[in-house]
$ cat upload_22.txt   # compact mmCIF, C-alpha atoms
# COMPACT_ATOMS: atom_id res chain seq x y z
CA MET A 1 23.80 59.64 31.94
CA ASN A 2 24.42 56.09 33.22
CA LEU A 3 27.37 55.03 35.36
CA ARG A 4 29.27 53.36 32.52
CA LEU A 5 29.20 56.49 30.36
CA ILE A 6 30.45 58.56 33.29
CA LEU A 7 33.34 56.16 33.90
CA ILE A 8 34.20 56.09 30.19
CA LYS A 9 34.36 59.90 30.08
CA LEU A 10 36.55 60.04 33.19
CA TYR A 11 38.81 57.27 31.84
CA LYS A 12 39.79 59.50 28.90
CA PHE A 13 41.62 61.84 31.30
CA LYS A 14 45.17 60.81 32.11
CA VAL A 15 44.73 61.40 35.84
CA PHE A 16 41.99 58.71 35.96
CA LYS A 17 43.69 56.07 33.74
CA ARG A 18 44.72 53.97 36.73
CA LEU A 19 41.93 54.89 39.12
CA ILE A 20 38.93 53.88 37.01
CA PRO A 21 40.09 50.29 36.23
CA SER A 22 41.02 49.91 39.91
CA LEU A 23 37.54 50.95 40.99
CA LEU A 24 35.96 48.54 38.51
CA ARG A 25 38.08 45.71 39.83
CA LYS A 26 37.15 46.47 43.44
CA PHE A 27 33.43 47.00 42.93
CA SER A 28 32.73 44.14 40.56
CA PHE A 29 29.33 42.46 40.36
CA SER A 30 28.99 38.87 41.63
CA GLU A 31 27.08 37.73 38.52
CA GLY A 32 28.88 40.01 36.13
CA ILE A 33 27.38 42.94 34.27
CA ASN A 34 25.67 42.97 30.89
CA ILE A 35 26.58 45.88 28.64
CA GLN A 36 25.47 46.96 25.19
CA LEU A 37 28.23 47.41 22.62
CA LYS A 38 27.62 48.67 19.08
CA ASN A 39 25.77 45.62 17.74
CA PHE A 40 25.58 43.11 20.58
CA LYS A 41 25.41 42.63 24.33
CA ILE A 42 28.12 40.93 26.38
CA ASN A 43 28.44 39.76 29.98
CA LEU A 44 31.56 41.02 31.75
CA ASN A 45 33.36 40.20 34.99
CA THR A 46 35.18 43.41 35.81
CA LYS A 47 37.69 41.62 38.04
CA SER A 48 39.32 40.58 34.74
CA SER A 49 41.55 43.09 32.95
CA ILE A 50 40.20 42.10 29.51
CA ASP A 51 36.61 42.56 30.66
CA ARG A 52 37.49 45.98 32.10
CA GLU A 53 39.06 46.95 28.78
CA ILE A 54 35.89 46.01 26.92
CA PHE A 55 33.77 47.87 29.49
CA LEU A 56 35.78 51.09 29.11
CA LYS A 57 36.79 50.97 25.43
CA GLY A 58 33.79 49.19 23.93
CA SER A 59 36.02 46.91 21.89
CA TYR A 60 38.78 44.32 22.10
CA ASP A 61 41.62 43.21 19.78
CA LYS A 62 40.50 45.79 17.21
CA ASP A 63 43.74 45.63 15.20
CA LYS A 64 43.54 41.83 14.98
CA ILE A 65 39.88 41.76 14.00
CA ASP A 66 40.53 44.49 11.44
CA PHE A 67 43.27 42.35 9.88
CA ILE A 68 40.88 39.43 9.52
CA GLU A 69 38.11 41.56 8.01
CA ASN A 70 40.53 43.26 5.61
CA ASN A 71 41.69 39.88 4.28
CA VAL A 72 38.49 37.82 4.31
CA ASP A 73 35.29 38.13 2.29
CA PHE A 74 32.80 37.15 4.97
CA ASN A 75 29.99 36.96 2.45
CA SER A 76 31.59 33.72 1.23
CA ILE A 77 32.43 32.26 4.66
CA ASP A 78 30.47 29.27 5.97
CA TYR A 79 32.01 28.81 9.44
CA PHE A 80 33.89 30.81 12.05
CA LEU A 81 35.62 28.73 14.75
CA ASP A 82 36.51 30.57 17.96
CA ILE A 83 39.03 28.25 19.63
CA GLY A 84 39.98 29.46 23.08
CA ALA A 85 37.08 31.90 23.13
CA TYR A 86 37.43 33.20 26.72
CA ILE A 87 34.15 35.19 27.07
CA GLY A 88 33.27 34.93 23.38
CA TYR A 89 33.97 38.47 22.18
CA TYR A 90 35.09 37.33 18.71
CA SER A 91 32.06 35.04 18.38
CA LEU A 92 29.60 37.73 19.41
CA TYR A 93 31.26 40.35 17.21
CA PHE A 94 31.27 38.27 14.02
CA ASN A 95 27.77 36.94 14.70
CA SER A 96 26.46 40.51 15.01
CA LYS A 97 27.90 41.52 11.62
CA TYR A 98 27.66 38.40 9.46
CA LYS A 99 24.39 36.53 9.84
CA ASN A 100 25.29 34.07 7.07
CA ILE A 101 28.01 32.25 9.01
CA LYS A 102 27.77 29.44 11.55
CA ILE A 103 29.93 30.01 14.61
CA LEU A 104 31.45 27.24 16.73
CA THR A 105 32.85 28.47 20.03
CA PHE A 106 35.21 26.43 22.24
CA GLU A 107 36.00 27.42 25.84
CA PRO A 108 37.11 24.88 28.50
CA ILE A 109 37.04 27.08 31.63
CA LEU A 110 33.62 26.77 33.22
CA GLU A 111 33.31 30.34 34.51
CA SER A 112 34.15 31.79 31.10
CA PHE A 113 31.87 29.28 29.36
CA ASN A 114 29.01 30.37 31.63
CA GLN A 115 29.70 34.01 30.78
CA ILE A 116 29.32 33.15 27.10
CA LYS A 117 25.99 31.44 27.85
CA THR A 118 24.81 34.52 29.73
CA SER A 119 25.77 36.72 26.78
CA LEU A 120 23.95 34.47 24.32
CA ASN A 121 20.79 34.79 26.38
CA GLN A 122 21.04 38.56 25.88
CA ASN A 123 21.36 38.30 22.09
CA SER A 124 18.38 36.97 20.18
CA GLY A 125 18.65 35.12 16.90
CA HIS A 126 22.32 34.20 17.21
CA ASN A 127 23.94 31.42 15.19
CA ILE A 128 26.50 30.33 17.80
CA THR A 129 27.07 26.81 19.16
CA ILE A 130 29.27 26.62 22.27
CA TYR A 131 31.38 23.75 23.56
CA ASN A 132 32.77 23.50 27.11
CA LEU A 133 35.94 21.89 25.77
CA ALA A 134 39.61 22.46 25.12
CA LEU A 135 40.80 21.41 21.68
CA SER A 136 43.91 19.25 21.73
CA ASP A 137 45.43 16.20 20.01
CA THR A 138 43.80 13.64 22.34
CA LYS A 139 40.41 13.12 23.96
CA GLY A 140 40.02 12.91 27.74
CA VAL A 141 40.18 14.85 30.98
CA ASP A 142 43.09 17.11 31.85
CA LYS A 143 43.83 19.99 34.17
CA SER A 144 44.56 23.62 33.46
CA TRP A 145 46.36 26.16 35.58
CA VAL A 146 46.48 29.89 36.16
CA THR A 147 48.29 32.17 38.58
CA ASP A 148 45.24 34.27 39.42
CA LEU A 149 41.57 33.25 39.18
CA ASN A 150 40.77 36.79 38.06
CA LYS A 151 42.87 36.16 34.95
CA LYS A 152 40.78 33.35 33.47
CA SER A 153 41.91 34.24 29.96
CA GLY A 154 45.38 33.02 31.00
CA PHE A 155 44.41 29.44 31.91
CA SER A 156 46.86 26.98 30.31
CA ILE A 157 46.54 23.23 29.83
CA PHE A 158 48.99 21.55 32.19
CA ASP A 159 52.33 20.53 30.76
CA LYS A 160 55.15 20.14 33.30
CA GLU A 161 57.87 21.55 31.04
CA ASP A 162 55.71 24.51 30.09
CA LEU A 163 54.76 25.20 33.71
CA VAL A 164 58.38 25.17 34.89
CA ARG A 165 59.42 27.50 32.06
CA GLU A 166 56.60 29.96 32.79
CA VAL A 167 57.29 29.93 36.54
CA ASN A 168 60.99 30.59 36.00
CA ASN A 169 60.53 33.24 33.30
CA ASN A 170 57.86 35.20 35.16
CA ASN A 171 58.79 34.59 38.83
CA TYR A 172 55.44 32.96 39.56
CA SER A 173 54.87 31.35 42.94
CA LEU A 174 54.04 27.64 42.66
CA GLN A 175 52.06 27.92 45.90
CA LYS A 176 49.67 30.45 44.33
CA ILE A 177 48.89 28.51 41.17
CA LYS A 178 45.24 27.43 40.83
CA TYR A 179 44.10 24.34 38.91
CA GLN A 180 40.84 23.39 37.23
CA GLU A 181 39.83 20.08 35.67
CA ILE A 182 38.78 20.39 32.03
CA LYS A 183 37.56 18.19 29.21
CA LYS A 184 39.46 18.07 25.94
CA ASP A 185 38.99 16.56 22.49
CA CYS A 186 40.27 16.80 18.92
CA LEU A 187 38.49 19.06 16.50
CA ASP A 188 38.53 16.20 13.99
CA ASN A 189 36.44 14.13 16.43
CA ILE A 190 33.79 16.84 16.77
CA ILE A 191 33.06 18.09 13.28
CA ASN A 192 33.49 16.86 9.73
CA ILE A 193 33.48 19.80 7.35
CA LYS A 194 34.04 19.46 3.61
CA ASN A 195 33.87 21.86 0.66
CA LYS A 196 33.45 24.89 2.94
CA ASN A 197 35.11 28.23 3.59
CA LEU A 198 36.27 28.71 7.18
CA VAL A 199 37.92 31.26 9.44
CA LEU A 200 39.68 29.93 12.56
CA LYS A 201 40.87 32.02 15.49
CA ILE A 202 43.14 30.00 17.80
CA ASP A 203 44.20 31.46 21.17
CA VAL A 204 45.01 28.58 23.50
CA GLU A 205 47.88 29.74 25.72
CA ARG A 206 50.84 27.73 24.38
CA HIS A 207 48.74 24.69 23.42
CA GLU A 208 48.48 25.76 19.79
CA LEU A 209 50.68 23.00 18.36
CA LYS A 210 48.58 20.20 19.87
CA THR A 211 45.34 21.97 18.92
CA ILE A 212 46.47 22.10 15.30
CA LYS A 213 47.60 18.46 15.34
CA GLY A 214 44.12 17.47 16.52
CA ALA A 215 42.56 19.30 13.57
CA LYS A 216 44.72 17.73 10.84
CA ASN A 217 41.85 16.25 8.81
CA ILE A 218 39.94 19.51 8.58
CA LEU A 219 42.97 21.75 8.14
CA SER A 220 44.69 19.63 5.52
CA ALA A 221 41.59 18.80 3.46
CA SER A 222 42.29 20.32 0.05
CA ASN A 223 38.61 21.06 -0.55
CA ASN A 224 38.33 23.43 2.44
CA LYS A 225 39.47 27.03 2.01
CA ILE A 226 40.64 28.20 5.42
CA PHE A 227 41.96 31.45 6.91
CA ILE A 228 43.68 31.13 10.31
CA GLN A 229 44.58 33.57 13.07
CA VAL A 230 46.74 31.79 15.64
CA GLU A 231 48.60 33.18 18.63
CA ILE A 232 52.01 31.49 18.85
CA VAL A 233 54.61 31.95 21.58
CA ASP A 234 58.22 32.32 20.46
CA ASN A 235 59.46 28.90 21.55
CA LEU A 236 56.71 27.16 19.51
CA LYS A 237 56.85 29.37 16.44
CA ASP A 238 59.08 27.24 14.21
CA LYS A 239 57.31 23.95 14.97
CA THR A 240 53.82 25.43 14.62
CA ILE A 241 54.46 27.36 11.40
CA SER A 242 56.30 24.35 9.93
CA LEU A 243 53.34 22.07 10.65
CA LEU A 244 50.90 24.54 9.08
CA ASN A 245 53.21 24.80 6.06
CA GLU A 246 52.96 21.01 5.74
CA TYR A 247 49.18 21.36 5.75
CA GLY A 248 49.43 23.84 2.88
CA TYR A 249 49.27 27.21 4.68
CA LYS A 250 51.33 30.33 4.05
CA VAL A 251 51.85 33.22 6.45
CA ILE A 252 50.39 36.47 5.09
CA GLY A 253 50.94 38.69 8.13
CA SER A 254 51.52 38.98 11.87
CA ILE A 255 50.75 41.26 14.80
CA LYS A 256 53.15 41.40 17.74
CA PRO A 257 51.87 41.53 21.33
CA ASP A 258 51.61 44.73 23.35
CA ASP A 259 53.46 43.08 26.23
CA LYS A 260 56.33 40.61 26.43
CA ARG A 261 54.21 37.81 27.90
CA GLY A 262 51.84 37.48 24.97
CA GLY A 263 52.45 35.52 21.80
CA THR A 264 52.53 36.93 18.28
CA ASP A 265 49.38 36.50 16.20
CA TYR A 266 50.10 34.97 12.80
CA TYR A 267 47.67 34.99 9.88
CA LEU A 268 47.77 32.15 7.37
CA ARG A 269 45.64 30.75 4.58
CA ASN A 270 45.66 27.72 2.27
CA PHE A 271 44.39 29.55 -0.83
CA ASN A 272 45.52 32.46 -3.01
$ encode --input "upload_22.txt" --output "structure tokens"
Amino acid sequence: MNLRLILIKLYKFKVFKRLIPSLLRKFSFSEGINIQLKNFKINLNTKSSIDREIFLKGSYDKDKIDFIENNVDFNSIDYFLDIGAYIGYYSLYFNSKYKNIKILTFEPILESFNQIKTSLNQNSGHNITIYNLALSDTKGVDKSWVTDLNKKSGFSIFDKEDLVREVNNNNYSLQKIKYQEIKKDCLDNIINIKNKNLVLKIDVERHELKTIKGAKNILSASNNKIFIQVEIVDNLKDKTISLLNEYGYKVIGSIKPDDKRGGTDYYLRNFN
């Protein structure tokens, strides 16, 4: 029995629920670790809580992915766009199940982008194109910030008002915040898709409104049938949903976060 299987078995016991993730965090591998899930391989950095969850549970965001699959006929889908991909779990999962779709994966943080590349090298015959970019409403160079470099999934594009609000609401220390320069662009500048069926997953840490504004041409084109999963924080809900309503989308469901810091995932589509 290999080490991962031993740790998974121990993790099922209540007494080890805290100990096993702590050990994984402490004894992480410098270049990450490649593991085999049901239908694909993925590279993990066990200093990250999300990566540890995938390592121990073998899955991630199962309820959210189930909602998508229960409401989308993937046999008729042409593209899946993974916007704010982190380490590409959604991209790898959908690629492993639906070979007919083209997957476009967007991740601006270099370390996470490199993890995706490592994972792709472990999976032959994939149909995934990756972009080291943030999607926004303008093109250029910006900076992103995070409170802990081991929480790369939490990197946010810098906005002074947003930063102040997050610091005050969560008692973050300004002295401990880390910054990274990133490139950004509008989705409308990158691809021109017409007469296609698309699924978009958008998880961009409070930048969702600008991401959607930068995709107006694609999202509002009446000849594209599009299903969207977008994580929206409470203070941006009304503006974001209102804009998507203007583009012709209706909310068909939502999934609330497990913790108070996350946003609610909303599911919308522009077709019946």
$ residues_around --input "upload_22.txt" --residues "segment 152-164 of chain A" --least-positions-apart "5" --cutoff "8 Å" --atoms "all atoms listed in the file" --output "VMD selection string"
chain A and resid 48 86 109 112 142 to 146 204 to 207
$ residues_around --input "upload_22.txt" --residues "Leu81 of chain A" --least-positions-apart "2" --cutoff "10 Å" --atoms "all atoms listed in the file" --output "PyMOL selection string"
chain A and resi 79+83-85+90-91+102-106+128-129+198-202+228
$ closest_residue --input "upload_22.txt" --among "A:Ile68, A:Tyr93, A:Leu24, A:Ser124" --to "Arg269 of chain A" --atoms "all atoms listed in the file"
A:Ile68
$ closest_residue --input "upload_22.txt" --among "A:Asn223, A:Asn39, A:Ser254, A:Ser173" --to "Lys237 of chain A" --atoms "all atoms listed in the file"
A:Ser254
$ atom_distance --input "upload_22.txt" --atom1 "atom CA of Asn127 of chain A" --atom2 "atom CA of Asn100 of chain A"
8.6 Å
$ atom_distance --input "upload_22.txt" --atom1 "atom CA of Cys186 of chain A" --atom2 "atom CA of Gly140 of chain A"
9.6 Å
$ atom_distance --input "upload_22.txt" --atom1 "atom CA of Lys64 of chain A" --atom2 "atom CA of Leu244 of chain A"
19.7 Å
$ closest_residue --input "upload_22.txt" --among "A:Lys57, A:Lys196, A:Lys9, A:Lys99" --to "Ser222 of chain A" --atoms "only C-alpha atoms"
A:Lys196
$ closest_residue --input "upload_22.txt" --among "A:Lys151, A:Lys117, A:Lys210, A:Lys250" --to "Leu236 of chain A" --atoms "all atoms listed in the file"
A:Lys210
$ closest_residue --input "upload_22.txt" --among "A:Asn123, A:Gln36, A:Ser96, A:Gln229" --to "Arg4 of chain A" --atoms "all atoms listed in the file"
A:Gln36
$ closest_residue --input "upload_22.txt" --among "A:Tyr89, A:Phe271, A:Tyr131, A:Tyr247" --to "Ile190 of chain A" --atoms "only C-alpha atoms"
A:Tyr131
$ residues_around --input "upload_22.txt" --residues "Pro21 of chain A" --least-positions-apart "2" --cutoff "9 Å" --atoms "only C-alpha atoms" --output "list in words"
Tyr11, Phe16, Lys17, Arg18, Leu19, Leu23, Leu24, Arg25, Lys26, Thr46, Ser49, Arg52, Glu53 and Leu56 of chain A
